[in-house]
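Undergrad: One file: model_1.txt (compact mmCIF, C-alpha atoms and all ligand atoms).
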# COMPACT_ATOMS: atom_id res chain seq x y z
CA MET A 1 -30.62 -2.14 0.86
CA PRO A 2 -28.48 -5.32 0.88
CA HIS A 3 -24.77 -4.74 0.61
CA GLU A 4 -23.47 -5.07 -2.95
CA ASN A 5 -20.57 -7.54 -2.95
CA TYR A 6 -19.25 -6.69 -6.45
CA SER A 7 -18.67 -10.38 -7.13
CA GLU A 8 -18.08 -9.84 -10.88
CA ILE A 9 -15.43 -7.22 -10.16
CA ARG A 10 -13.88 -9.52 -7.56
CA ASP A 11 -13.72 -12.43 -10.03
CA SER A 12 -12.16 -10.25 -12.73
CA VAL A 13 -9.56 -8.81 -10.34
CA ARG A 14 -8.64 -12.31 -9.13
CA LYS A 15 -8.28 -13.45 -12.73
CA LEU A 16 -6.03 -10.52 -13.56
CA CYS A 17 -3.94 -11.12 -10.44
CA SER A 18 -3.41 -14.78 -11.32
CA GLY A 19 -1.15 -13.49 -14.10
CA PHE A 20 1.08 -11.91 -11.42
CA ALA A 21 1.99 -14.83 -9.20
CA GLY A 22 4.39 -14.92 -6.27
CA GLU A 23 7.47 -15.21 -8.47
CA TYR A 24 6.72 -11.83 -10.08
CA TRP A 25 6.55 -10.11 -6.67
CA ARG A 26 9.58 -11.94 -5.25
CA ASN A 27 11.64 -10.85 -8.19
CA LEU A 28 10.61 -7.20 -7.76
CA ASP A 29 11.11 -7.40 -4.01
CA GLU A 30 14.69 -8.60 -4.48
CA ARG A 31 15.45 -5.70 -6.83
CA LYS A 32 13.25 -3.18 -4.94
CA ALA A 33 11.66 -2.51 -8.32
CA TYR A 34 8.24 -1.04 -9.09
CA PRO A 35 5.51 -3.35 -10.47
CA THR A 36 5.01 -1.32 -13.65
CA ASP A 37 3.43 -4.19 -15.63
CA PHE A 38 0.97 -4.97 -12.86
CA VAL A 39 -0.09 -1.34 -12.44
CA SER A 40 -0.45 -0.81 -16.21
CA THR A 41 -2.54 -3.97 -16.52
CA LEU A 42 -4.83 -2.82 -13.70
CA CYS A 43 -5.15 0.62 -15.32
CA ASP A 44 -5.88 -0.83 -18.76
CA ALA A 45 -8.57 -3.04 -17.26
CA GLY A 46 -10.15 0.08 -15.69
CA PHE A 47 -9.81 -1.10 -12.09
CA LEU A 48 -7.98 1.98 -10.84
CA SER A 49 -10.65 4.30 -12.18
CA VAL A 50 -13.74 2.58 -10.78
CA THR A 51 -14.68 5.64 -8.71
CA ILE A 52 -14.09 8.25 -11.44
CA PRO A 53 -17.50 9.42 -12.73
CA GLN A 54 -18.55 8.09 -16.12
CA GLU A 55 -18.61 11.60 -17.62
CA TYR A 56 -14.81 11.67 -17.10
CA GLY A 57 -14.22 8.18 -18.46
CA GLY A 58 -14.39 6.09 -15.26
CA SER A 59 -16.96 3.55 -14.08
CA GLY A 60 -18.70 5.90 -11.63
CA LEU A 61 -18.92 3.26 -8.91
CA PRO A 62 -18.92 3.94 -5.16
CA LEU A 63 -16.02 3.49 -2.75
CA SER A 64 -17.31 0.00 -1.83
CA ALA A 65 -16.35 -1.12 -5.36
CA ALA A 66 -12.84 0.26 -4.92
CA CYS A 67 -12.64 -1.65 -1.62
CA ALA A 68 -13.55 -4.86 -3.46
CA VAL A 69 -10.76 -4.25 -6.02
CA LEU A 70 -8.09 -3.61 -3.38
CA GLU A 71 -9.17 -6.47 -1.13
CA GLU A 72 -8.97 -8.98 -3.98
CA ILE A 73 -5.55 -7.73 -5.05
CA GLN A 74 -4.22 -8.31 -1.54
CA ARG A 75 -5.98 -11.65 -1.13
CA SER A 76 -4.33 -12.84 -4.33
CA GLY A 77 -0.88 -12.21 -2.85
CA CYS A 78 -0.27 -9.09 -4.94
CA ASN A 79 0.42 -5.65 -3.47
CA ALA A 80 -1.94 -2.75 -4.11
CA GLY A 81 0.43 -0.43 -2.25
CA ALA A 82 1.97 0.27 -5.62
CA CYS A 83 -1.15 1.93 -6.93
CA HIS A 84 -3.85 2.44 -4.30
CA ALA A 85 -3.19 6.17 -3.91
CA GLN A 86 -5.02 6.98 -7.12
CA MET A 87 -8.24 5.77 -5.57
CA TYR A 88 -8.17 8.34 -2.77
CA THR A 89 -6.07 11.24 -4.12
CA MET A 90 -8.40 11.40 -7.06
CA GLY A 91 -11.22 12.15 -4.60
CA THR A 92 -9.53 15.43 -3.63
CA LEU A 93 -9.49 16.50 -7.26
CA LEU A 94 -13.00 15.25 -7.87
CA LYS A 95 -14.54 16.87 -4.81
CA HIS A 96 -12.64 20.12 -4.62
CA GLY A 97 -11.07 20.68 -8.04
CA SER A 98 -12.49 23.16 -10.57
CA GLU A 99 -14.45 21.92 -13.58
CA GLN A 100 -11.51 22.95 -15.75
CA GLN A 101 -9.05 20.87 -13.69
CA LYS A 102 -11.37 17.87 -13.73
CA LYS A 103 -11.81 18.05 -17.50
CA LYS A 104 -8.07 18.47 -17.97
CA TYR A 105 -6.91 15.56 -15.81
CA LEU A 106 -9.62 13.02 -14.95
CA PRO A 107 -10.18 11.51 -18.43
CA SER A 108 -6.43 10.90 -18.84
CA ILE A 109 -6.25 9.43 -15.33
CA ALA A 110 -9.22 7.18 -16.13
CA SER A 111 -7.59 5.97 -19.37
CA GLY A 112 -4.30 5.25 -17.60
CA GLU A 113 -2.41 7.84 -19.67
CA LEU A 114 -1.72 9.93 -16.54
CA ARG A 115 -0.86 8.51 -13.14
CA LEU A 116 -1.98 10.35 -9.99
CA GLN A 117 -0.22 8.12 -7.50
CA ALA A 118 1.63 10.52 -5.18
CA PHE A 119 0.21 12.24 -2.14
CA ALA A 120 2.61 14.44 -0.18
CA VAL A 121 1.69 15.39 3.37
CA THR A 122 4.26 14.05 5.86
CA GLU A 123 7.34 16.12 6.75
CA PRO A 124 10.37 15.20 8.85
CA ASN A 125 9.59 17.74 11.57
CA SER A 126 5.80 17.55 11.58
CA GLY A 127 5.25 13.80 11.92
CA THR A 128 1.59 13.10 12.54
CA ASP A 129 1.00 16.69 13.64
CA THR A 130 0.14 17.90 10.14
CA THR A 131 -0.54 21.50 11.18
CA ARG A 132 3.23 21.79 11.84
CA ILE A 133 4.18 21.35 8.19
CA THR A 134 6.46 24.11 6.98
CA THR A 135 6.82 23.44 3.24
CA PHE A 136 5.74 26.83 1.96
CA ALA A 137 4.20 28.05 -1.31
CA LYS A 138 4.60 31.79 -1.87
CA ARG A 139 2.55 33.45 -4.58
CA ASP A 140 4.70 35.11 -7.24
CA GLY A 141 2.73 36.40 -10.26
CA ASP A 142 1.02 33.49 -11.98
CA ASP A 143 2.94 30.90 -9.97
CA TYR A 144 3.43 29.59 -6.47
CA VAL A 145 7.08 29.14 -5.50
CA VAL A 146 7.51 26.11 -3.26
CA ASN A 147 10.33 25.54 -0.76
CA GLY A 148 10.65 22.82 1.87
CA GLN A 149 10.89 19.09 2.36
CA LYS A 150 8.61 16.06 2.55
CA VAL A 151 9.37 12.53 3.70
CA TRP A 152 7.87 9.08 3.06
CA ILE A 153 6.23 10.18 -0.16
CA SER A 154 5.46 6.95 -1.94
CA ARG A 155 5.41 6.32 -5.70
CA SER A 156 6.58 9.85 -6.58
CA GLU A 157 9.06 8.36 -9.06
CA HIS A 158 6.25 6.43 -10.71
CA SER A 159 3.60 9.10 -10.92
CA ASP A 160 2.89 11.97 -13.31
CA LEU A 161 0.91 14.06 -10.84
CA MET A 162 1.17 14.66 -7.12
CA VAL A 163 -1.28 16.13 -4.61
CA LEU A 164 0.89 18.35 -2.38
CA LEU A 165 -0.09 19.93 0.94
CA VAL A 166 1.75 23.18 1.66
CA ARG A 167 1.47 26.18 3.92
CA THR A 168 0.44 29.38 2.19
CA THR A 169 0.23 31.29 5.49
CA PRO A 170 2.63 30.62 8.38
CA ARG A 171 1.01 28.80 11.31
CA ASP A 172 1.63 31.66 13.76
CA LYS A 173 -0.25 34.09 11.47
CA CYS A 174 -3.40 31.94 11.39
CA THR A 175 -6.40 32.08 13.72
CA LYS A 176 -6.49 28.26 13.88
CA PRO A 177 -3.46 25.98 13.35
CA SER A 178 -5.39 24.11 10.66
CA ASP A 179 -5.93 27.30 8.63
CA GLY A 180 -3.44 28.59 6.07
CA MET A 181 -2.69 25.30 4.28
CA SER A 182 -3.38 24.71 0.60
CA VAL A 183 -3.39 21.83 -1.87
CA LEU A 184 -1.42 22.06 -5.12
CA LEU A 185 -1.53 19.63 -7.99
CA VAL A 186 2.09 19.26 -9.07
CA ASP A 187 2.98 17.98 -12.51
CA LEU A 188 5.97 15.82 -11.66
CA ARG A 189 7.05 15.59 -15.29
CA ASP A 190 7.83 19.34 -15.23
CA ALA A 191 8.92 19.55 -11.60
CA VAL A 192 11.63 16.89 -11.29
CA ASN A 193 15.09 18.49 -11.58
CA ASN A 194 13.38 21.83 -12.00
CA GLY A 195 13.07 22.71 -8.32
CA LEU A 196 12.10 19.23 -7.09
CA THR A 197 14.63 16.54 -6.18
CA ILE A 198 13.44 13.03 -5.32
CA LYS A 199 15.54 10.72 -3.16
CA PRO A 200 14.46 7.08 -2.66
CA ILE A 201 14.32 5.69 0.92
CA LYS A 202 15.27 2.05 1.42
CA THR A 203 12.72 0.27 3.60
CA MET A 204 11.92 -3.24 4.85
CA LEU A 205 9.26 -3.54 2.17
CA ASN A 206 9.18 -2.76 -1.52
CA HIS A 207 7.11 0.44 -1.44
CA ALA A 208 8.88 2.95 -3.70
CA THR A 209 8.85 5.58 -0.99
CA THR A 210 10.94 8.76 -1.20
CA GLU A 211 12.06 12.07 0.25
CA LEU A 212 11.23 15.24 -1.66
CA PHE A 213 13.29 18.44 -1.62
CA PHE A 214 11.68 21.62 -2.96
CA ASP A 215 14.02 24.43 -3.96
CA ASN A 216 12.08 27.28 -5.58
CA LEU A 217 9.78 24.90 -7.47
CA ARG A 218 7.36 26.95 -9.58
CA VAL A 219 3.82 25.59 -9.72
CA PRO A 220 1.24 27.43 -11.85
CA ALA A 221 -1.28 29.17 -9.57
CA GLU A 222 -4.09 27.59 -11.63
CA ASN A 223 -3.00 24.24 -10.14
CA ILE A 224 -4.31 25.09 -6.69
CA ILE A 225 -7.16 22.77 -5.74
CA GLY A 226 -10.08 24.62 -4.17
CA GLU A 227 -9.51 27.77 -2.16
CA GLU A 228 -6.19 28.95 -0.81
CA GLY A 229 -5.93 28.31 2.96
CA ARG A 230 -8.56 25.55 3.10
CA GLY A 231 -6.29 22.66 2.13
CA PHE A 232 -6.30 20.89 5.48
CA LYS A 233 -10.06 20.43 5.26
CA TYR A 234 -9.74 18.99 1.74
CA ILE A 235 -7.06 16.55 2.87
CA LEU A 236 -9.11 15.48 5.89
CA ASP A 237 -12.05 14.82 3.57
CA GLY A 238 -9.93 12.35 1.62
CA MET A 239 -8.57 10.65 4.71
CA ASN A 240 -11.76 8.76 5.52
CA ALA A 241 -11.67 7.24 2.04
CA GLU A 242 -7.99 6.40 2.45
CA ARG A 243 -8.56 4.66 5.79
CA ILE A 244 -11.49 2.60 4.50
CA LEU A 245 -9.55 1.55 1.38
CA ILE A 246 -6.47 0.58 3.38
CA ALA A 247 -8.71 -1.37 5.78
CA ALA A 248 -10.10 -3.27 2.78
CA GLU A 249 -6.53 -4.11 1.78
CA CYS A 250 -5.87 -5.42 5.28
CA ILE A 251 -8.95 -7.64 5.02
CA GLY A 252 -7.51 -9.01 1.77
CA ASP A 253 -4.17 -9.63 3.50
CA ALA A 254 -5.87 -11.35 6.44
CA LYS A 255 -7.75 -13.63 4.02
CA PHE A 256 -4.48 -14.40 2.19
CA PHE A 257 -2.82 -15.48 5.47
CA ILE A 258 -5.86 -17.41 6.74
CA ASP A 259 -6.19 -19.27 3.39
CA LYS A 260 -2.49 -20.19 3.52
CA SER A 261 -2.57 -21.18 7.20
CA SER A 262 -5.65 -23.36 7.00
CA ALA A 263 -4.48 -25.11 3.81
CA TYR A 264 -1.03 -25.82 5.23
CA ALA A 265 -2.39 -26.90 8.62
CA THR A 266 -4.64 -29.40 6.83
CA ASP A 267 -1.89 -30.79 4.56
CA ARG A 268 1.20 -30.83 6.73
CA LYS A 269 1.56 -34.03 8.73
CA VAL A 270 3.80 -34.21 11.78
CA PHE A 271 3.61 -36.96 14.45
CA GLY A 272 1.41 -38.89 12.06
CA ARG A 273 -1.45 -36.38 11.77
CA PRO A 274 -2.23 -33.00 10.19
CA ILE A 275 -0.84 -30.24 12.36
CA GLY A 276 -4.22 -28.48 12.09
CA GLN A 277 -5.80 -31.33 14.06
CA ASN A 278 -3.96 -29.93 17.08
CA GLN A 279 -6.00 -27.22 18.69
CA GLY A 280 -2.83 -25.26 19.44
CA VAL A 281 -2.48 -24.83 15.67
CA GLN A 282 -6.15 -24.74 14.69
CA PHE A 283 -7.51 -22.27 17.24
CA PRO A 284 -5.27 -19.29 16.44
CA ILE A 285 -6.33 -19.60 12.77
CA ALA A 286 -9.99 -19.80 13.79
CA ARG A 287 -9.53 -16.76 16.02
CA ASN A 288 -7.90 -14.85 13.14
CA TYR A 289 -10.89 -15.70 10.97
CA ALA A 290 -13.32 -14.36 13.59
CA GLN A 291 -11.22 -11.18 13.99
CA MET A 292 -11.10 -10.69 10.24
CA ARG A 293 -14.87 -11.14 9.86
CA ALA A 294 -15.56 -8.59 12.61
CA ALA A 295 -13.23 -6.07 10.97
CA GLU A 296 -14.71 -6.83 7.55
CA ALA A 297 -18.21 -6.03 8.82
CA LEU A 298 -16.97 -2.65 10.01
CA VAL A 299 -15.21 -1.94 6.70
CA LYS A 300 -18.50 -2.57 4.92
CA GLU A 301 -20.37 -0.32 7.34
CA ALA A 302 -17.81 2.47 6.94
CA ALA A 303 -17.83 2.19 3.13
CA GLU A 304 -21.63 2.22 3.02
CA LYS A 305 -21.77 5.32 5.21
CA PHE A 306 -19.13 6.99 3.05
CA ASP A 307 -21.05 6.09 -0.10
CA SER A 308 -24.28 7.51 1.27
CA MET A 309 -22.42 10.66 2.33
CA GLU A 310 -23.08 10.14 6.03
CA PRO A 311 -20.44 11.16 8.55
CA CYS A 312 -18.10 8.16 8.86
CA GLY A 313 -14.97 9.42 10.67
CA THR A 314 -15.33 7.05 13.61
CA GLU A 315 -16.16 4.03 11.43
CA ALA A 316 -13.32 4.81 8.99
CA ASN A 317 -10.84 5.02 11.85
CA MET A 318 -12.15 1.97 13.70
CA CYS A 319 -12.22 -0.25 10.62
CA LYS A 320 -8.64 0.70 9.76
CA LEU A 321 -7.57 -0.05 13.34
CA LEU A 322 -9.29 -3.43 13.55
CA ALA A 323 -8.45 -4.56 10.01
CA SER A 324 -4.75 -3.71 10.39
CA GLU A 325 -4.66 -5.62 13.68
CA ALA A 326 -6.53 -8.57 12.15
CA SER A 327 -4.14 -8.79 9.20
CA TRP A 328 -1.10 -8.56 11.45
CA ALA A 329 -2.45 -11.25 13.82
CA ALA A 330 -3.19 -13.51 10.83
CA ALA A 331 0.31 -12.86 9.45
CA ASP A 332 1.91 -13.84 12.74
CA THR A 333 -0.17 -17.04 12.96
CA CYS A 334 0.72 -17.86 9.35
CA ILE A 335 4.44 -17.76 10.10
CA GLN A 336 3.92 -19.89 13.22
CA THR A 337 1.75 -22.41 11.37
CA HIS A 338 4.36 -22.83 8.65
CA GLY A 339 7.19 -23.38 11.12
CA GLY A 340 10.53 -22.90 9.40
CA TYR A 341 8.91 -22.68 5.97
CA GLY A 342 7.21 -19.44 6.98
CA PHE A 343 10.62 -17.82 6.71
CA ALA A 344 11.38 -19.18 3.25
CA VAL A 345 11.10 -16.44 0.63
CA GLU A 346 9.48 -18.76 -1.92
CA TYR A 347 6.36 -19.18 0.25
CA ASP A 348 5.56 -15.41 -0.04
CA ILE A 349 4.51 -15.34 3.59
CA GLU A 350 7.49 -13.40 4.91
CA ARG A 351 7.05 -10.82 2.14
CA LYS A 352 3.36 -10.32 2.89
CA PHE A 353 4.20 -10.31 6.63
CA ARG A 354 6.55 -7.34 6.06
CA GLU A 355 4.06 -5.61 3.79
CA THR A 356 1.06 -5.85 6.08
CA ARG A 357 2.98 -4.54 9.12
CA LEU A 358 3.01 -1.10 7.53
CA TYR A 359 -0.69 -0.56 8.03
CA GLN A 360 -0.51 -0.13 11.79
CA VAL A 361 1.78 2.87 11.15
CA ALA A 362 0.69 4.37 7.83
CA PRO A 363 -1.29 6.20 6.65
CA ILE A 364 -2.10 6.85 10.32
CA SER A 365 -0.71 5.04 13.33
CA THR A 366 -2.81 3.04 15.77
CA ASN A 367 -2.32 5.45 18.68
CA LEU A 368 -3.67 8.36 16.72
CA ILE A 369 -6.76 6.35 15.79
CA LEU A 370 -7.29 5.49 19.45
CA ALA A 371 -6.89 9.18 20.26
CA TYR A 372 -9.56 10.00 17.67
CA ILE A 373 -12.01 7.47 19.13
CA GLY A 374 -11.24 8.56 22.70
CA THR A 375 -11.74 12.25 22.03
CA GLN A 376 -14.15 12.54 19.09
CA GLU A 377 -16.42 9.61 19.87
CA LEU A 378 -16.12 9.33 23.64
CA GLY A 379 -15.52 12.97 24.49
CA MET A 380 -12.43 12.45 26.64
CA PRO A 381 -9.75 15.16 26.87
CA LYS A 382 -7.15 15.48 24.11
CA SER A 383 -3.51 14.56 24.72
CA TYR A 384 -2.34 17.04 22.09
C1 LIG B 401 6.40 2.97 3.78
C2 LIG B 401 5.71 4.25 4.11
C3 LIG B 401 4.99 4.92 3.14
C4 LIG B 401 4.39 6.17 3.41
N1 LIG B 401 3.77 6.86 2.40
C5 LIG B 401 3.34 8.12 2.62
C6 LIG B 401 2.85 8.93 1.54
O1 LIG B 401 2.76 8.49 0.39
N2 LIG B 401 2.51 10.24 1.81
C7 LIG B 401 2.62 10.79 3.06
O2 LIG B 401 2.29 11.96 3.22
N3 LIG B 401 3.07 10.03 4.11
C8 LIG B 401 3.45 8.74 3.91
N4 LIG B 401 3.93 7.97 4.96
C9 LIG B 401 4.05 8.59 6.28
C10 LIG B 401 3.10 8.01 7.31
O3 LIG B 401 1.80 8.50 7.08
C11 LIG B 401 3.67 8.39 8.68
O4 LIG B 401 4.87 7.64 8.87
C12 LIG B 401 2.71 8.13 9.78
O5 LIG B 401 1.59 8.98 9.65
C13 LIG B 401 3.36 8.36 11.16
O6 LIG B 401 4.07 9.58 11.17
P1 LIG B 401 5.57 9.62 11.68
O7 LIG B 401 6.33 8.54 10.98
O8 LIG B 401 6.10 10.99 11.53
O9 LIG B 401 5.46 9.24 13.19
P2 LIG B 401 5.33 10.24 14.47
O10 LIG B 401 4.23 11.23 14.26
O11 LIG B 401 6.71 10.73 14.72
O12 LIG B 401 4.90 9.21 15.55
C14 LIG B 401 5.79 8.18 16.06
C15 LIG B 401 5.03 7.30 17.02
O13 LIG B 401 4.55 8.09 18.12
C16 LIG B 401 3.16 7.93 18.27
N5 LIG B 401 2.55 9.20 18.69
C17 LIG B 401 2.80 10.46 18.21
N6 LIG B 401 2.05 11.37 18.85
C18 LIG B 401 1.30 10.69 19.76
C19 LIG B 401 0.30 11.07 20.73
N7 LIG B 401 -0.08 12.35 20.90
N8 LIG B 401 -0.26 10.11 21.48
C20 LIG B 401 0.12 8.81 21.35
N9 LIG B 401 1.04 8.39 20.45
C21 LIG B 401 1.63 9.32 19.67
C22 LIG B 401 2.64 7.52 16.90
O14 LIG B 401 1.44 6.79 17.02
C23 LIG B 401 3.79 6.67 16.39
O15 LIG B 401 3.64 5.34 16.81
C24 LIG B 401 4.49 6.71 4.71
C25 LIG B 401 5.19 6.01 5.72
C26 LIG B 401 5.80 4.82 5.42
C27 LIG B 401 6.58 4.11 6.51
Mind turning the file's structure into structure tokens?
TA:
Amino acid sequence: MPHENYSEIRDSVRKLCSGFAGEYWRNLDERKAYPTDFVSTLCDAGFLSVTIPQEYGGSGLPLSAACAVLEEIQRSGCNAGACHAQMYTMGTLLKHGSEQQKKKYLPSIASGELRLQAFAVTEPNSGTDTTRITTFAKRDGDDYVVNGQKVWISRSEHSDLMVLLVRTTPRDKCTKPSDGMSVLLVDLRDAVNNGLTIKPIKTMLNHATTELFFDNLRVPAENIIGEEGRGFKYILDGMNAERILIAAECIGDAKFFIDKSSAYATDRKVFGRPIGQNQGVQFPIARNYAQMRAAEALVKEAAEKFDSMEPCGTEANMCKLLASEASWAAADTCIQTHGGYGFAVEYDIERKFRETRLYQVAPISTNLILAYIGTQELGMPKSY
């Protein structure tokens, strides 16, 4: 079956994004403010609910369609980091939530009335080793009582719901380290200042990321997603989707930088000729294009495998690795091609350069992807 390119969706997303030009993002970046108008406009247009089944009010499209949406947002110079989480956190609810939970939340998420934009896994003392999380939910009557701390939890101040990974059995009481974790759906509207304190973290990019402190937060037991103790598996399930979607964003970023570089290299004249006529300027851009196309092919393959429910762990990891490296290489070339102007805020290149750097670290860092390929695909011994 030929790969569906979703060209109509791409055109519509580009059109929507043209209403949010560089000035909009520069202004927010300066104030470290959240792009509320942009996110609401995307929601109203139905782009953040493309993968929600039609019976719950979404478009019922596969992950490949969500990739097309995110790629075009990034290519247009906008930043999907403000809202991409909904596309993959929703999968946890959709795949593992009860019918009652799905009926209760998905239609409001699809209509944009409720935002499911926060996904809380990382902790200060666990780092990438998720089985070391210690945030604990203890059952007390009809509630879980949550205590602990999370770090780098993005968009929690701009979300109504949060998917939260907790321990429900201490690690040393479990047969396997990955047992004993559970997923809770937290209603942030009830939780904030009622056992949950959110503290923003200032970062080099405008990403609305925060620290969370849980002090006897009560979460109704009915808000557990799936079975108690099986949360790690549910989170892992969603991670392939997350990696493929982020890789699609990186492809969009790489295209943004390559478009900018090639246009500037063609226009800018120094020593009486376009700088792009010099192979020292032209070849890095051409190389970035080739790198981007190779990564793009792998993103498509990973998304297709995901959509046909084939195992896609290796492809999801590899496409995220290659796409994040392609976007970063293209970002670096773009600065170099623009000379001094690459550093000028009004060109949007330095902002996108800062934004795209994130993806070699989050949601999973390059080394851990290499470790996955080395051990899972190639069968070499584990370092951890
Ligand atoms: C802006 C931003 C937004 C984020 N948003 C979210 C969010 O919404 N929700 C959430 O849960 N998390 C979020 N994160 C967290 C992110 O997923 C983690 O930062 C990332 O997974 C790396 O974890 P760490 O920072 O603890 O690094 P560590 O695990 O401390 O690792 C540090 C470095 O050591 C390397 N390393 C560690 N172990 C090994 C090993 N065995 N072999 C080789 N190298 C190793 C890593 O690759 C990395 O380069 C966000 C992070 C940032 C910066």
Undergrad: Quick one: residues within 12 Å of Asp129 (chain A), all atoms listed in the file counted, chain neighbours fewer than 4 positions away excluded, as a PyMOL selection string?
TA: chain A and resi 121-125+133-134+177-178+232+364-365+368+384
Undergrad: Could you make a table, as a Markdown table, of the residues of chain A that have an atom within 8 Å of an atom of ligand LIG 401 (chain B), each with its nearest atom pair and distance in Å to one decimal, counting only C-alpha atoms and all ligand atoms, in chain and number order?
TA:
| residue | atom | partner | partner_atom | distance |
| --- | --- | --- | --- | --- |
| A:Ala85 | CA | B:LIG401 | O1 | 7.7 |
| A:Ala118 | CA | B:LIG401 | O1 | 6.0 |
| A:Phe119 | CA | B:LIG401 | N2 | 5.0 |
| A:Ala120 | CA | B:LIG401 | O2 | 4.2 |
| A:Val121 | CA | B:LIG401 | O2 | 3.5 |
| A:Thr122 | CA | B:LIG401 | O2 | 3.9 |
| A:Glu123 | CA | B:LIG401 | O8 | 7.1 |
| A:Pro124 | CA | B:LIG401 | O8 | 6.6 |
| A:Asn125 | CA | B:LIG401 | O8 | 7.6 |
| A:Ser126 | CA | B:LIG401 | O8 | 6.6 |
| A:Gly127 | CA | B:LIG401 | O8 | 3.0 |
| A:Thr128 | CA | B:LIG401 | O10 | 3.7 |
| A:Asp129 | CA | B:LIG401 | O10 | 6.4 |
| A:Lys150 | CA | B:LIG401 | O2 | 7.6 |
| A:Val151 | CA | B:LIG401 | N3 | 6.8 |
| A:Trp152 | CA | B:LIG401 | C24 | 4.4 |
| A:Ile153 | CA | B:LIG401 | O1 | 3.9 |
| A:Ser154 | CA | B:LIG401 | O1 | 3.9 |
| A:Arg155 | CA | B:LIG401 | O1 | 7.0 |
| A:Thr203 | CA | B:LIG401 | C1 | 6.9 |
| A:Leu205 | CA | B:LIG401 | C1 | 7.3 |
| A:His207 | CA | B:LIG401 | C1 | 5.8 |
| A:Ala208 | CA | B:LIG401 | C1 | 7.9 |
| A:Thr209 | CA | B:LIG401 | C3 | 5.7 |
| A:Leu358 | CA | B:LIG401 | C27 | 6.4 |
| A:Val361 | CA | B:LIG401 | C12 | 5.5 |
| A:Ala362 | CA | B:LIG401 | O3 | 4.3 |
| A:Pro363 | CA | B:LIG401 | O3 | 3.9 |
| A:Ile364 | CA | B:LIG401 | O5 | 4.3 |
| A:Ser365 | CA | B:LIG401 | O14 | 4.6 |
| A:Thr366 | CA | B:LIG401 | O14 | 5.8 |
| A:Asn367 | CA | B:LIG401 | O14 | 4.3 |
| A:Leu368 | CA | B:LIG401 | O14 | 5.4 |
| A:Ala371 | CA | B:LIG401 | N8 | 6.8 |
| A:Ser383 | CA | B:LIG401 | N7 | 5.6 |
| A:Tyr384 | CA | B:LIG401 | N7 | 5.3 |
Undergrad: Please measure the separation of CA of Ile244 (chain A) and CA of Arg293 (chain A), giving the value in Å to one decimal.
TA: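 Taking CA of Ile244 (chain A) as the start and CA of Arg293 (chain A) as the end point, the length is 15.1 Å.
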Undergrad: Name all residues at most 8 Å from region 68-84 of chain A (count only C-alpha atoms; drop same-chain ones fewer than 3 positions away) and give them as an mmCIF file with C-alpha atoms, keeping the file's coordinate frame.
TA:
data_model
loop_
_atom_site.group_PDB
_atom_site.id
_atom_site.type_symbol
_atom_site.label_atom_id
_atom_site.label_comp_id
_atom_site.auth_asym_id
_atom_site.auth_seq_id
_atom_site.Cartn_x
_atom_site.Cartn_y
_atom_site.Cartn_z
ATOM 1 C CA ASN A 5 -20.570 -7.540 -2.950
ATOM 2 C CA TYR A 6 -19.250 -6.690 -6.450
ATOM 3 C CA ILE A 9 -15.430 -7.220 -10.160
ATOM 4 C CA ARG A 10 -13.880 -9.520 -7.560
ATOM 5 C CA VAL A 13 -9.560 -8.810 -10.340
ATOM 6 C CA ARG A 14 -8.640 -12.310 -9.130
ATOM 7 C CA CYS A 17 -3.940 -11.120 -10.440
ATOM 8 C CA SER A 18 -3.410 -14.780 -11.320
ATOM 9 C CA PHE A 20 1.080 -11.910 -11.420
ATOM 10 C CA ALA A 21 1.990 -14.830 -9.200
ATOM 11 C CA GLY A 22 4.390 -14.920 -6.270
ATOM 12 C CA TRP A 25 6.550 -10.110 -6.670
ATOM 13 C CA TYR A 34 8.240 -1.040 -9.090
ATOM 14 C CA PRO A 35 5.510 -3.350 -10.470
ATOM 15 C CA VAL A 39 -0.090 -1.340 -12.440
ATOM 16 C CA PHE A 47 -9.810 -1.100 -12.090
ATOM 17 C CA LEU A 48 -7.980 1.980 -10.840
ATOM 18 C CA SER A 64 -17.310 0.000 -1.830
ATOM 19 C CA ALA A 65 -16.350 -1.120 -5.360
ATOM 20 C CA MET A 87 -8.240 5.770 -5.570
ATOM 21 C CA TYR A 88 -8.170 8.340 -2.770
ATOM 22 C CA GLN A 117 -0.220 8.120 -7.500
ATOM 23 C CA ARG A 155 5.410 6.320 -5.700
ATOM 24 C CA HIS A 207 7.110 0.440 -1.440
ATOM 25 C CA ALA A 208 8.880 2.950 -3.700
ATOM 26 C CA LEU A 245 -9.550 1.550 1.380
ATOM 27 C CA ALA A 248 -10.100 -3.270 2.780
ATOM 28 C CA GLU A 249 -6.530 -4.110 1.780
ATOM 29 C CA CYS A 250 -5.870 -5.420 5.280
ATOM 30 C CA ILE A 251 -8.950 -7.640 5.020
ATOM 31 C CA GLY A 252 -7.510 -9.010 1.770
ATOM 32 C CA ASP A 253 -4.170 -9.630 3.500
ATOM 33 C CA ALA A 254 -5.870 -11.350 6.440
ATOM 34 C CA LYS A 255 -7.750 -13.630 4.020
ATOM 35 C CA PHE A 256 -4.480 -14.400 2.190
ATOM 36 C CA ASP A 348 5.560 -15.410 -0.040
ATOM 37 C CA LYS A 352 3.360 -10.320 2.890
#
Undergrad: For each of A:Met204, A:Ala303, A:Ala316, A:Val270, take the minimum atom-to-atom distance to Ala66 (chain A), counting all atoms listed in the file, then give the residue where this is smallest.
TA: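 Smallest distance to Ala66 (chain A) is found for A:Ala303.
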Undergrad: May I ask for the distance between CA of Asp332 (chain A) and CA of Asn27 (chain A), given in Å to one decimal place?
TA: 23.3 Å
